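Undergrad: Quick one: structure below, then a few questions.
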Amino acid sequence: MTTSSGSSAPHTARTIGLIGSGNIGSTVARLAIAAGYDVVLSNSRGPETLTDLVADLGSRASAGTAQQAAERGDIVVVTIPLKNYRDVPAAPLAGKIVIDTNNYYPQRDGNIAELDSERTTVSELLQAHLSNSSVVKAFNHLRAGDLAAQGQPSGTPGRRALAIAGDDEAAKTAVTALIDSFGYEVVDAGPLSEGWRFQRDTPAYLPRLDTAGLTAALTQAERYAEIG
């Protein structure tokens, strides 16, 4: 695991697409706009249902279909129930960075055999579906309200850290820069296969931790089978 405080240097991504505009999606959109990005929001009910949210977010926000959010976003955030991950349009996301915010909740998603057996992880499922994209797991281990409220300037002692995982180092660098612009440190948990270390029911899930605390929590994580 590696840590980074990111960088204030300009990033080439200027538009964030959001496939899903619930609590986490709308919070990421708001933070992205505050950091100087444009956002394109989408949901399963159609862009006309996002009129009030777009008006509240202001001129940097627009609404579209999932296809349009995927096409227009330089970085695209997938924040929909896991059971619907196959609905994410793959073709327009080819060659792009995709942030996966998801967690597995069997009571919501139904039982997924490869996750129940821990043969794979949530974000590896999305990566397999989006084989030509670079998936980075992030934003899944804190509440939307905390994400909205707990960001601090770089260099602030005790600044909260967020975990990421991914197989593409350049994609992780880009996501680190985005998270830093939102006001958070970053701890890299490693490849997507290590994303389980900050899934639900782990020490890293939900508590406010700084870099040292989050690094320790990731190390202490146990597989569900080990928890018993």
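Naming works like this for the structure tokens: A, B, ... for the chains as they're shown, residue 1 at the start of each chain, ligands 1 onward in shown order.
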Compile the contact shell of range 161-173 of chain A as number ranges by chain: residues with an atom at most 7 Å away, counting only C-alpha atoms, same-chain residues fewer than 3 positions apart removed.

TA: A: 97, 134-138, 176-177, 184-192, 194-195, 209-211, 214

Undergrad: For CA of Gly110 in chain A and CA of Phe139 in chain A, determine how far apart the two atoms are, in Å to one decimal place.

TA: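 Distance reported for this atom pair: 22.1 Å.
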
Undergrad: Considering only C-alpha atoms, can you say which of A:Glu222, A:Asn102, A:Pro47, A:Gly20 comes closest to Pro203 in chain A?

TA: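 Selected residue with least distance to Pro203 in chain A: A:Glu222.
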
Undergrad: Using only C-alpha atoms, tabulate the residues of range 141-183 of chain A lying at most 10 Å from any atom of range 22-30 of chain A, each with its closest atom pair and that distance in Å to one decimal, by chain and increasing residue number, as a Markdown table.

TA:
| residue | atom | partner | partner_atom | distance |
| --- | --- | --- | --- | --- |
| A:Leu142 | CA | A:Ile24 | CA | 9.3 |
| A:Arg143 | CA | A:Ile24 | CA | 7.7 |
| A:Ala144 | CA | A:Ile24 | CA | 5.1 |
| A:Gly145 | CA | A:Thr27 | CA | 8.0 |
| A:Asp146 | CA | A:Thr27 | CA | 9.8 |
| A:Leu147 | CA | A:Thr27 | CA | 7.3 |
| A:Ala148 | CA | A:Thr27 | CA | 6.1 |
| A:Ala149 | CA | A:Thr27 | CA | 9.8 |
| A:Ile179 | CA | A:Val28 | CA | 9.7 |
| A:Phe182 | CA | A:Val28 | CA | 8.6 |

Undergrad: Among range 12-218 of chain A, which ones does DSSP place in alpha helix (DSSP H), written as a CSV table (one decimal) with all heavy atoms, in the first residue's frame?

TA:
chain,number,residue,atom,x,y,z
A,23,ASN,N,-27.1,9.6,-3.6
A,23,ASN,CA,-26.4,10.4,-2.5
A,23,ASN,C,-24.9,10.6,-2.9
A,23,ASN,O,-24.4,11.7,-2.8
A,23,ASN,CB,-26.5,9.7,-1.2
A,23,ASN,CG,-27.9,9.8,-0.6
A,23,ASN,OD1,-28.7,10.7,-1.0
A,23,ASN,ND2,-28.3,8.8,0.2
A,24,ILE,N,-24.2,9.5,-3.2
A,24,ILE,CA,-22.8,9.6,-3.5
A,24,ILE,C,-22.6,10.3,-4.8
A,24,ILE,O,-21.8,11.2,-4.9
A,24,ILE,CB,-22.1,8.2,-3.5
A,24,ILE,CG1,-22.0,7.6,-2.1
A,24,ILE,CG2,-20.7,8.3,-4.2
A,24,ILE,CD1,-21.0,8.3,-1.2
A,25,GLY,N,-23.4,10.0,-5.8
A,25,GLY,CA,-23.2,10.6,-7.1
A,25,GLY,C,-23.4,12.1,-7.1
A,25,GLY,O,-22.6,12.9,-7.7
A,26,SER,N,-24.5,12.6,-6.4
A,26,SER,CA,-24.7,14.0,-6.4
A,26,SER,C,-23.7,14.7,-5.5
A,26,SER,O,-23.3,15.9,-5.8
A,26,SER,CB,-26.1,14.3,-5.8
A,26,SER,OG,-26.3,13.7,-4.5
A,27,THR,N,-23.2,14.0,-4.5
A,27,THR,CA,-22.1,14.6,-3.7
A,27,THR,C,-20.8,14.8,-4.5
A,27,THR,O,-20.2,15.8,-4.4
A,27,THR,CB,-21.9,13.8,-2.4
A,27,THR,OG1,-23.1,13.7,-1.6
A,27,THR,CG2,-20.7,14.3,-1.6
A,28,VAL,N,-20.4,13.7,-5.2
A,28,VAL,CA,-19.3,13.8,-6.1
A,28,VAL,C,-19.4,14.9,-7.1
A,28,VAL,O,-18.5,15.7,-7.4
A,28,VAL,CB,-19.0,12.5,-6.8
A,28,VAL,CG1,-17.9,12.6,-7.9
A,28,VAL,CG2,-18.5,11.4,-5.8
A,29,ALA,N,-20.6,15.1,-7.7
A,29,ALA,CA,-20.9,16.1,-8.6
A,29,ALA,C,-20.7,17.5,-8.0
A,29,ALA,O,-20.0,18.4,-8.6
A,29,ALA,CB,-22.3,16.0,-9.2
A,30,ARG,N,-21.2,17.7,-6.8
A,30,ARG,CA,-21.1,19.0,-6.1
A,30,ARG,C,-19.6,19.3,-5.8
A,30,ARG,O,-19.1,20.4,-6.0
A,30,ARG,CB,-21.9,19.0,-4.9
A,30,ARG,CG,-22.2,20.3,-4.3
A,30,ARG,CD,-23.1,20.3,-3.1
A,30,ARG,NE,-24.4,19.7,-3.4
A,30,ARG,CZ,-25.4,20.3,-4.0
A,30,ARG,NH1,-25.3,21.6,-4.2
A,30,ARG,NH2,-26.5,19.7,-4.3
A,31,LEU,N,-18.9,18.3,-5.4
A,31,LEU,CA,-17.4,18.5,-5.1
A,31,LEU,C,-16.6,18.8,-6.3
A,31,LEU,O,-15.7,19.6,-6.3
A,31,LEU,CB,-16.9,17.3,-4.3
A,31,LEU,CG,-17.4,17.1,-2.9
A,31,LEU,CD1,-16.9,15.7,-2.4
A,31,LEU,CD2,-17.0,18.2,-2.0
A,32,ALA,N,-17.0,18.1,-7.4
A,32,ALA,CA,-16.3,18.3,-8.7
A,32,ALA,C,-16.5,19.7,-9.2
A,32,ALA,O,-15.5,20.3,-9.7
A,32,ALA,CB,-16.7,17.2,-9.7
A,33,ILE,N,-17.7,20.2,-9.1
A,33,ILE,CA,-18.0,21.5,-9.6
A,33,ILE,C,-17.2,22.5,-8.7
A,33,ILE,O,-16.6,23.5,-9.3
A,33,ILE,CB,-19.5,21.8,-9.5
A,33,ILE,CG1,-20.2,21.0,-10.6
A,33,ILE,CG2,-19.8,23.3,-9.6
A,33,ILE,CD1,-21.7,21.0,-10.5
A,34,ALA,N,-17.2,22.3,-7.4
A,34,ALA,CA,-16.4,23.2,-6.5
A,34,ALA,C,-14.9,23.2,-6.9
A,34,ALA,O,-14.2,24.2,-6.7
A,34,ALA,CB,-16.6,22.8,-5.1
A,51,THR,N,-33.8,17.6,-13.3
A,51,THR,CA,-33.9,19.1,-13.5
A,51,THR,C,-33.6,19.9,-12.3
A,51,THR,O,-32.8,20.9,-12.3
A,51,THR,CB,-35.3,19.5,-14.0
A,51,THR,OG1,-35.5,18.7,-15.3
A,51,THR,CG2,-35.4,20.9,-14.3
A,52,ASP,N,-34.2,19.5,-11.2
A,52,ASP,CA,-34.0,20.3,-9.9
A,52,ASP,C,-32.5,20.2,-9.4
A,52,ASP,O,-32.0,21.2,-9.0
A,52,ASP,CB,-34.9,19.8,-8.8
A,52,ASP,CG,-36.4,20.1,-9.1
A,52,ASP,OD1,-36.6,21.0,-10.0
A,52,ASP,OD2,-37.3,19.5,-8.5
A,53,LEU,N,-31.9,19.0,-9.5
A,53,LEU,CA,-30.6,18.8,-9.1
A,53,LEU,C,-29.6,19.7,-9.9
A,53,LEU,O,-28.7,20.3,-9.4
A,53,LEU,CB,-30.2,17.4,-9.1
A,53,LEU,CG,-28.7,17.0,-8.7
A,53,LEU,CD1,-28.4,17.5,-7.3
A,53,LEU,CD2,-28.5,15.5,-8.8
A,54,VAL,N,-29.8,19.6,-11.2
A,54,VAL,CA,-29.0,20.4,-12.1
A,54,VAL,C,-29.1,21.9,-11.8
A,54,VAL,O,-28.1,22.6,-11.8
A,54,VAL,CB,-29.3,20.1,-13.6
A,54,VAL,CG1,-28.7,21.1,-14.6
A,54,VAL,CG2,-28.9,18.7,-14.0
A,55,ALA,N,-30.3,22.3,-11.6
A,55,ALA,CA,-30.5,23.8,-11.3
A,55,ALA,C,-29.8,24.1,-10.0
A,55,ALA,O,-29.2,25.2,-9.9
A,55,ALA,CB,-32.0,24.0,-11.2
A,56,ASP,N,-29.9,23.2,-9.0
A,56,ASP,CA,-29.2,23.5,-7.8
A,56,ASP,C,-27.7,23.5,-7.9
A,56,ASP,O,-27.0,24.4,-7.3
A,56,ASP,CB,-29.6,22.4,-6.8
A,56,ASP,CG,-29.0,22.7,-5.4
A,56,ASP,OD1,-29.2,23.8,-4.8
A,56,ASP,OD2,-28.4,21.7,-4.8
A,57,LEU,N,-27.2,22.7,-8.8
A,57,LEU,CA,-25.7,22.6,-9.0
A,57,LEU,C,-25.2,23.8,-9.8
A,57,LEU,O,-24.0,24.1,-9.7
A,57,LEU,CB,-25.3,21.3,-9.6
A,57,LEU,CG,-25.5,20.0,-8.8
A,57,LEU,CD1,-25.3,18.8,-9.6
A,57,LEU,CD2,-24.6,20.0,-7.6
A,66,ALA,N,-27.3,7.8,-19.5
A,66,ALA,CA,-26.1,7.1,-19.1
A,66,ALA,C,-25.1,7.1,-20.3
A,66,ALA,O,-23.9,7.3,-20.1
A,66,ALA,CB,-26.4,5.7,-18.6
A,67,GLN,N,-25.6,6.9,-21.5
A,67,GLN,CA,-24.7,6.9,-22.6
A,67,GLN,C,-24.1,8.2,-22.8
A,67,GLN,O,-22.9,8.3,-23.1
A,67,GLN,CB,-25.6,6.5,-23.9
A,67,GLN,CG,-24.9,6.5,-25.2
A,67,GLN,CD,-24.1,5.2,-25.5
A,67,GLN,OE1,-24.4,4.2,-24.9
A,67,GLN,NE2,-23.3,5.3,-26.5
A,68,GLN,N,-24.8,9.3,-22.7
A,68,GLN,CA,-24.3,10.6,-22.8
A,68,GLN,C,-23.3,11.0,-21.7
A,68,GLN,O,-22.2,11.6,-22.0
A,68,GLN,CB,-25.4,11.6,-22.9
A,68,GLN,CG,-26.2,11.6,-24.1
A,68,GLN,CD,-27.5,12.3,-24.0
A,68,GLN,OE1,-28.1,12.5,-23.0
A,68,GLN,NE2,-28.0,12.8,-25.2
A,69,ALA,N,-23.5,10.6,-20.5
A,69,ALA,CA,-22.6,10.8,-19.4
A,69,ALA,C,-21.3,10.1,-19.7
A,69,ALA,O,-20.2,10.6,-19.4
A,69,ALA,CB,-23.2,10.4,-18.1
A,70,ALA,N,-21.4,8.9,-20.2
A,70,ALA,CA,-20.2,8.1,-20.5
A,70,ALA,C,-19.4,8.7,-21.7
A,70,ALA,O,-18.2,8.7,-21.7
A,70,ALA,CB,-20.6,6.6,-20.9
A,71,GLU,N,-20.1,9.2,-22.7
A,71,GLU,CA,-19.5,9.8,-23.8
A,71,GLU,C,-18.8,11.1,-23.5
A,71,GLU,O,-17.7,11.4,-24.0
A,71,GLU,CB,-20.5,10.1,-24.9
A,71,GLU,CG,-21.1,8.8,-25.6
A,71,GLU,CD,-22.2,9.1,-26.5
A,71,GLU,OE1,-22.8,10.2,-26.5
A,71,GLU,OE2,-22.6,8.2,-27.3
A,72,ARG,N,-19.4,11.9,-22.7
A,72,ARG,CA,-18.9,13.3,-22.4
A,72,ARG,C,-17.9,13.4,-21.3
A,72,ARG,O,-17.2,14.3,-21.2
A,72,ARG,CB,-20.1,14.2,-22.2
A,72,ARG,CG,-21.0,14.4,-23.4
A,72,ARG,CD,-22.3,15.0,-23.1
A,72,ARG,NE,-22.2,16.3,-22.5
A,72,ARG,CZ,-23.2,17.0,-22.0
A,72,ARG,NH1,-24.4,16.5,-22.0
A,72,ARG,NH2,-23.0,18.2,-21.4
A,106,PRO,N,-26.1,-8.2,-0.5
A,106,PRO,CA,-27.0,-9.3,-1.0
A,106,PRO,C,-28.5,-9.0,-0.9
A,106,PRO,O,-29.3,-9.4,-1.7
A,106,PRO,CB,-26.5,-10.5,-0.2
A,106,PRO,CG,-25.1,-10.2,0.2
A,106,PRO,CD,-25.1,-8.7,0.4
A,107,GLN,N,-28.8,-8.3,0.2
A,107,GLN,CA,-30.3,-8.1,0.4
A,107,GLN,C,-30.8,-7.1,-0.6
A,107,GLN,O,-32.0,-7.1,-0.9
A,107,GLN,CB,-30.5,-7.5,1.8
A,107,GLN,CG,-29.9,-6.2,2.1
A,107,GLN,CD,-28.5,-6.2,2.6
A,107,GLN,OE1,-27.7,-7.1,2.3
A,107,GLN,NE2,-28.1,-5.2,3.4
A,108,ARG,N,-30.0,-6.3,-1.2
A,108,ARG,CA,-30.4,-5.4,-2.3
A,108,ARG,C,-30.1,-6.0,-3.7
A,108,ARG,O,-30.9,-5.9,-4.6
A,108,ARG,CB,-29.6,-4.1,-2.2
A,108,ARG,CG,-29.9,-3.1,-3.3
A,108,ARG,CD,-28.9,-2.0,-3.3
A,108,ARG,NE,-27.6,-2.4,-3.7
A,108,ARG,CZ,-26.5,-1.7,-3.7
A,108,ARG,NH1,-26.6,-0.4,-3.3
A,108,ARG,NH2,-25.3,-2.2,-4.1
A,109,ASP,N,-28.9,-6.6,-3.8
A,109,ASP,CA,-28.4,-7.0,-5.1
A,109,ASP,C,-28.7,-8.5,-5.5
A,109,ASP,O,-28.5,-8.9,-6.6
A,109,ASP,CB,-26.9,-6.8,-5.2
A,109,ASP,CG,-26.4,-5.4,-4.9
A,109,ASP,OD1,-27.0,-4.5,-5.5
A,109,ASP,OD2,-25.5,-5.2,-4.1
A,113,ALA,N,-22.7,-15.3,-6.8
A,113,ALA,CA,-21.9,-16.5,-6.4
A,113,ALA,C,-20.5,-16.2,-6.3
A,113,ALA,O,-19.8,-16.5,-5.3
A,113,ALA,CB,-22.2,-17.6,-7.3
A,114,GLU,N,-19.9,-15.5,-7.3
A,114,GLU,CA,-18.4,-15.2,-7.2
A,114,GLU,C,-18.0,-14.2,-6.1
A,114,GLU,O,-16.9,-14.3,-5.7
A,114,GLU,CB,-17.9,-14.8,-8.6
A,114,GLU,CG,-18.7,-13.6,-9.2
A,114,GLU,CD,-19.8,-14.0,-10.2
A,114,GLU,OE1,-20.7,-14.7,-9.7
A,114,GLU,OE2,-19.7,-13.6,-11.3
A,115,LEU,N,-19.0,-13.4,-5.7
A,115,LEU,CA,-18.7,-12.6,-4.5
A,115,LEU,C,-18.9,-13.3,-3.2
A,115,LEU,O,-18.1,-13.1,-2.3
A,115,LEU,CB,-19.5,-11.3,-4.6
A,115,LEU,CG,-19.3,-10.4,-5.8
A,115,LEU,CD1,-20.2,-9.2,-5.7
A,115,LEU,CD2,-17.8,-9.9,-5.8
A,116,ASP,N,-19.9,-14.1,-3.2
A,116,ASP,CA,-20.2,-14.9,-2.0
A,116,ASP,C,-19.0,-15.8,-1.7
A,116,ASP,O,-18.6,-16.1,-0.5
A,116,ASP,CB,-21.4,-15.7,-2.1
A,116,ASP,CG,-22.7,-14.9,-2.1
A,116,ASP,OD1,-22.6,-13.7,-1.6
A,116,ASP,OD2,-23.7,-15.3,-2.6
A,122,VAL,N,-16.0,-6.8,-6.0
A,122,VAL,CA,-17.0,-5.9,-6.7
A,122,VAL,C,-16.4,-5.2,-7.9
A,122,VAL,O,-17.0,-5.3,-9.0
A,122,VAL,CB,-17.5,-4.9,-5.7
A,122,VAL,CG1,-18.4,-3.9,-6.4
A,122,VAL,CG2,-18.4,-5.6,-4.6
A,123,SER,N,-15.3,-4.5,-7.7
A,123,SER,CA,-14.8,-3.7,-8.8
A,123,SER,C,-14.2,-4.5,-9.9
A,123,SER,O,-14.1,-4.1,-11.1
A,123,SER,CB,-13.8,-2.7,-8.3
A,123,SER,OG,-14.4,-1.8,-7.5
A,124,GLU,N,-13.7,-5.8,-9.6
A,124,GLU,CA,-13.2,-6.7,-10.7
A,124,GLU,C,-14.4,-7.1,-11.6
A,124,GLU,O,-14.2,-7.3,-12.8
A,124,GLU,CB,-12.5,-7.9,-10.1
A,124,GLU,CG,-11.1,-7.5,-9.5
A,124,GLU,CD,-10.5,-8.7,-8.9
A,124,GLU,OE1,-11.0,-9.2,-7.8
A,124,GLU,OE2,-9.5,-9.2,-9.4
A,125,LEU,N,-15.6,-7.2,-11.0
A,125,LEU,CA,-16.8,-7.5,-11.8
A,125,LEU,C,-17.0,-6.4,-12.8
A,125,LEU,O,-17.2,-6.7,-14.0
A,125,LEU,CB,-18.0,-7.7,-11.0
A,125,LEU,CG,-18.2,-9.0,-10.2
A,125,LEU,CD1,-19.5,-9.0,-9.4
A,125,LEU,CD2,-18.2,-10.2,-11.1
A,126,LEU,N,-16.9,-5.2,-12.4
A,126,LEU,CA,-17.1,-4.1,-13.3
A,126,LEU,C,-16.0,-4.0,-14.3
A,126,LEU,O,-16.3,-3.7,-15.5
A,126,LEU,CB,-17.3,-2.7,-12.5
A,126,LEU,CG,-17.6,-1.5,-13.4
A,126,LEU,CD1,-18.9,-1.6,-14.1
A,126,LEU,CD2,-17.5,-0.2,-12.5
A,127,GLN,N,-14.8,-4.2,-13.9
A,127,GLN,CA,-13.7,-4.2,-14.8
A,127,GLN,C,-13.8,-5.3,-15.9
A,127,GLN,O,-13.5,-5.0,-17.1
A,127,GLN,CB,-12.4,-4.4,-14.1
A,127,GLN,CG,-11.1,-4.4,-14.9
A,127,GLN,CD,-10.9,-3.1,-15.6
A,127,GLN,OE1,-10.3,-2.2,-15.0
A,127,GLN,NE2,-11.3,-2.9,-16.8
A,128,ALA,N,-14.3,-6.4,-15.5
A,128,ALA,CA,-14.5,-7.5,-16.5
A,128,ALA,C,-15.6,-7.1,-17.5
A,128,ALA,O,-15.5,-7.4,-18.7
A,128,ALA,CB,-15.0,-8.8,-15.8
A,129,HIS,N,-16.6,-6.4,-17.1
A,129,HIS,CA,-17.7,-5.8,-18.0
A,129,HIS,C,-17.1,-4.7,-18.8
A,129,HIS,O,-17.5,-4.7,-20.0
A,129,HIS,CB,-18.8,-5.3,-17.1
A,129,HIS,CG,-19.9,-4.6,-17.9
A,129,HIS,ND1,-20.6,-5.3,-18.9
A,129,HIS,CD2,-20.3,-3.3,-17.9
A,129,HIS,CE1,-21.5,-4.4,-19.4
A,129,HIS,NE2,-21.3,-3.3,-18.8
A,144,ALA,N,-22.1,9.6,2.3
A,144,ALA,CA,-22.1,10.8,1.4
A,144,ALA,C,-22.0,12.1,2.2
A,144,ALA,O,-21.3,13.0,1.8
A,144,ALA,CB,-23.4,10.7,0.6
A,145,GLY,N,-22.7,12.1,3.3
A,145,GLY,CA,-22.6,13.3,4.2
A,145,GLY,C,-21.2,13.6,4.6
A,145,GLY,O,-20.8,14.8,4.7
A,146,ASP,N,-20.5,12.6,5.0
A,146,ASP,CA,-19.1,12.8,5.4
A,146,ASP,C,-18.2,13.2,4.2
A,146,ASP,O,-17.3,14.1,4.4
A,146,ASP,CB,-18.5,11.5,6.0
A,146,ASP,CG,-19.2,11.1,7.3
A,146,ASP,OD1,-19.8,12.0,7.9
A,146,ASP,OD2,-19.1,9.9,7.7
A,147,LEU,N,-18.4,12.6,3.1
A,147,LEU,CA,-17.7,13.0,1.9
A,147,LEU,C,-17.9,14.5,1.6
A,147,LEU,O,-17.0,15.3,1.2
A,147,LEU,CB,-18.1,12.2,0.7
A,147,LEU,CG,-17.4,12.5,-0.7
A,147,LEU,CD1,-15.9,12.4,-0.6
A,147,LEU,CD2,-18.0,11.7,-1.8
A,148,ALA,N,-19.2,15.0,1.8
A,148,ALA,CA,-19.5,16.3,1.5
A,148,ALA,C,-18.9,17.3,2.5
A,148,ALA,O,-18.5,18.4,2.2
A,148,ALA,CB,-21.0,16.5,1.5
A,149,ALA,N,-18.7,16.9,3.8
A,149,ALA,CA,-18.3,17.8,4.8
A,149,ALA,C,-16.9,17.7,5.3
A,149,ALA,O,-16.5,18.7,6.0
A,149,ALA,CB,-19.3,17.5,6.0
A,169,GLU,N,-1.8,2.2,-13.1
A,169,GLU,CA,-1.2,3.2,-12.3
A,169,GLU,C,-1.5,4.6,-12.7
A,169,GLU,O,-1.7,5.5,-11.9
A,169,GLU,CB,0.3,3.0,-12.3
A,169,GLU,CG,0.8,1.7,-11.6
A,169,GLU,CD,0.3,1.6,-10.1
A,169,GLU,OE1,0.4,2.7,-9.4
A,169,GLU,OE2,0.0,0.5,-9.7
A,170,ALA,N,-1.6,4.9,-14.0
A,170,ALA,CA,-1.9,6.2,-14.5
A,170,ALA,C,-3.3,6.6,-14.1
A,170,ALA,O,-3.6,7.7,-13.8
A,170,ALA,CB,-1.7,6.3,-16.0
A,171,ALA,N,-4.2,5.6,-14.2
A,171,ALA,CA,-5.6,5.9,-13.8
A,171,ALA,C,-5.7,6.2,-12.3
A,171,ALA,O,-6.4,7.2,-11.9
A,171,ALA,CB,-6.5,4.7,-14.1
A,172,LYS,N,-4.9,5.5,-11.5
A,172,LYS,CA,-4.9,5.8,-10.1
A,172,LYS,C,-4.3,7.2,-9.8
A,172,LYS,O,-4.8,7.9,-8.9
A,172,LYS,CB,-4.2,4.7,-9.3
A,172,LYS,CG,-4.9,3.4,-9.3
A,172,LYS,CD,-4.4,2.4,-8.2
A,172,LYS,CE,-3.1,1.8,-8.6
A,172,LYS,NZ,-2.7,0.7,-7.7
A,173,THR,N,-3.3,7.6,-10.5
A,173,THR,CA,-2.7,8.9,-10.4
A,173,THR,C,-3.8,10.0,-10.7
A,173,THR,O,-3.9,11.0,-9.9
A,173,THR,CB,-1.5,9.1,-11.3
A,173,THR,OG1,-0.5,8.2,-10.9
A,173,THR,CG2,-1.0,10.5,-11.2
A,174,ALA,N,-4.6,9.8,-11.7
A,174,ALA,CA,-5.6,10.7,-12.1
A,174,ALA,C,-6.7,10.8,-11.0
A,174,ALA,O,-7.2,11.9,-10.6
A,174,ALA,CB,-6.2,10.4,-13.4
A,175,VAL,N,-7.1,9.7,-10.5
A,175,VAL,CA,-8.1,9.6,-9.4
A,175,VAL,C,-7.6,10.2,-8.1
A,175,VAL,O,-8.3,10.9,-7.4
A,175,VAL,CB,-8.6,8.2,-9.2
A,175,VAL,CG1,-9.6,8.1,-8.0
A,175,VAL,CG2,-9.3,7.7,-10.5
A,176,THR,N,-6.3,10.0,-7.8
A,176,THR,CA,-5.7,10.6,-6.7
A,176,THR,C,-5.8,12.1,-6.8
A,176,THR,O,-6.1,12.8,-5.8
A,176,THR,CB,-4.2,10.2,-6.5
A,176,THR,OG1,-4.2,8.8,-6.2
A,176,THR,CG2,-3.5,10.9,-5.4
A,177,ALA,N,-5.5,12.7,-7.9
A,177,ALA,CA,-5.5,14.1,-8.1
A,177,ALA,C,-7.0,14.6,-7.9
A,177,ALA,O,-7.2,15.7,-7.3
A,177,ALA,CB,-5.0,14.5,-9.5
A,178,LEU,N,-7.9,13.9,-8.4
A,178,LEU,CA,-9.3,14.3,-8.3
A,178,LEU,C,-9.7,14.3,-6.8
A,178,LEU,O,-10.3,15.2,-6.3
A,178,LEU,CB,-10.2,13.3,-9.0
A,178,LEU,CG,-11.7,13.6,-9.0
A,178,LEU,CD1,-12.1,14.9,-9.7
A,178,LEU,CD2,-12.5,12.4,-9.5
A,179,ILE,N,-9.4,13.2,-6.1
A,179,ILE,CA,-9.7,13.1,-4.6
A,179,ILE,C,-9.0,14.2,-3.8
A,179,ILE,O,-9.6,14.8,-2.9
A,179,ILE,CB,-9.4,11.7,-4.1
A,179,ILE,CG1,-10.3,10.7,-4.8
A,179,ILE,CG2,-9.5,11.7,-2.6
A,179,ILE,CD1,-9.9,9.2,-4.4
A,180,ASP,N,-7.8,14.5,-4.2
A,180,ASP,CA,-7.0,15.6,-3.5
A,180,ASP,C,-7.8,16.9,-3.7
A,180,ASP,O,-7.9,17.7,-2.8
A,180,ASP,CB,-5.6,15.7,-4.0
A,180,ASP,CG,-4.8,16.8,-3.4
A,180,ASP,OD1,-4.6,16.8,-2.2
A,180,ASP,OD2,-4.4,17.7,-4.1
A,181,SER,N,-8.3,17.1,-4.9
A,181,SER,CA,-9.0,18.4,-5.2
A,181,SER,C,-10.3,18.5,-4.4
A,181,SER,O,-10.8,19.6,-4.2
A,181,SER,CB,-9.3,18.5,-6.7
A,181,SER,OG,-10.4,17.7,-7.1
A,182,PHE,N,-10.8,17.3,-3.9
A,182,PHE,CA,-12.0,17.3,-3.1
A,182,PHE,C,-11.6,17.5,-1.6
A,182,PHE,O,-12.6,17.7,-0.8
A,182,PHE,CB,-12.7,15.9,-3.2
A,182,PHE,CG,-13.4,15.7,-4.5
A,182,PHE,CD1,-14.0,14.5,-4.7
A,182,PHE,CD2,-13.4,16.6,-5.6
A,182,PHE,CE1,-14.7,14.2,-5.9
A,182,PHE,CE2,-14.0,16.4,-6.8
A,182,PHE,CZ,-14.7,15.2,-7.0
A,211,THR,N,-4.1,9.2,7.1
A,211,THR,CA,-3.3,8.3,6.3
A,211,THR,C,-2.8,7.1,7.1
A,211,THR,O,-2.9,6.0,6.7
A,211,THR,CB,-2.1,9.1,5.7
A,211,THR,OG1,-2.7,10.1,4.8
A,211,THR,CG2,-1.3,8.1,4.9
A,212,ALA,N,-2.2,7.4,8.3
A,212,ALA,CA,-1.7,6.3,9.1
A,212,ALA,C,-2.8,5.4,9.6
A,212,ALA,O,-2.6,4.1,9.5
A,212,ALA,CB,-0.9,6.9,10.3
A,213,GLY,N,-3.9,5.9,10.0
A,213,GLY,CA,-5.0,5.1,10.5
A,213,GLY,C,-5.6,4.3,9.4
A,213,GLY,O,-5.9,3.1,9.6
A,214,LEU,N,-5.8,4.8,8.2
A,214,LEU,CA,-6.4,4.1,7.1
A,214,LEU,C,-5.4,3.0,6.6
A,214,LEU,O,-5.8,1.9,6.3
A,214,LEU,CB,-6.7,5.0,5.9
A,214,LEU,CG,-7.3,4.3,4.7
A,214,LEU,CD1,-8.6,3.5,5.1
A,214,LEU,CD2,-7.6,5.4,3.7
A,215,THR,N,-4.1,3.3,6.6
A,215,THR,CA,-3.1,2.3,6.2
A,215,THR,C,-3.2,1.1,7.1
A,215,THR,O,-3.2,-0.1,6.7
A,215,THR,CB,-1.7,2.9,6.1
A,215,THR,OG1,-1.7,4.0,5.2
A,215,THR,CG2,-0.7,1.8,5.8
A,216,ALA,N,-3.3,1.4,8.4
A,216,ALA,CA,-3.4,0.3,9.4
A,216,ALA,C,-4.7,-0.5,9.3
A,216,ALA,O,-4.7,-1.7,9.3
A,216,ALA,CB,-3.3,0.9,10.8
A,217,ALA,N,-5.8,0.2,9.0
A,217,ALA,CA,-7.1,-0.5,8.9
A,217,ALA,C,-7.1,-1.4,7.7
A,217,ALA,O,-7.6,-2.5,7.7
A,217,ALA,CB,-8.2,0.6,8.7
A,218,LEU,N,-6.5,-1.0,6.6
A,218,LEU,CA,-6.4,-1.8,5.4
A,218,LEU,C,-5.6,-3.1,5.7
A,218,LEU,O,-5.9,-4.2,5.2
A,218,LEU,CB,-5.8,-1.1,4.2
A,218,LEU,CG,-6.6,0.1,3.7
A,218,LEU,CD1,-5.8,0.9,2.7
A,218,LEU,CD2,-7.9,-0.4,3.0

Undergrad: Measuring atom to atom with only C-alpha atoms, identify which of A:Thr79, A:Thr49, A:Ser59, A:Asn111 is nearest to Ile19 in chain A.

TA: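 So, comparing all the options, the nearest one is A:Thr79.
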
Undergrad: Could you pull the residues within 7 Å of Ile16 in chain A, counting only C-alpha atoms, minus those fewer than 6 positions along the same chain, as an MDAnalysis selection string?

TA: chainID A and resid 37:40 73:76

Undergrad: Mind giving me the straight-line distance from CA of Asp100 in chain A to CA of Pro157 in chain A in Å, one decimal?

TA: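 If I compute the distance from CA of Asp100 in chain A to CA of Pro157 in chain A, I get 28.1 Å.
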
Undergrad: What does the distance between CA of Tyr85 in chain A and CA of Tyr205 in chain A come to in Å, to one decimal place?

TA: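 We find that CA of Tyr85 in chain A and CA of Tyr205 in chain A lie 21.6 Å from each other.
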
Undergrad: Just checking: using only C-alpha atoms, which residue out of A:Pro81, A:Gly17, A:Gly151, A:Gly36 ends up closest to Ala63 in chain A?

TA: A:Gly17

Undergrad: Enumerate as a count of residues only all residues of range 36-171 of chain A assigned to strand (DSSP E or B) by DSSP on the backbone, naming them with the chain letters and numbers the document uses.

TA: 26
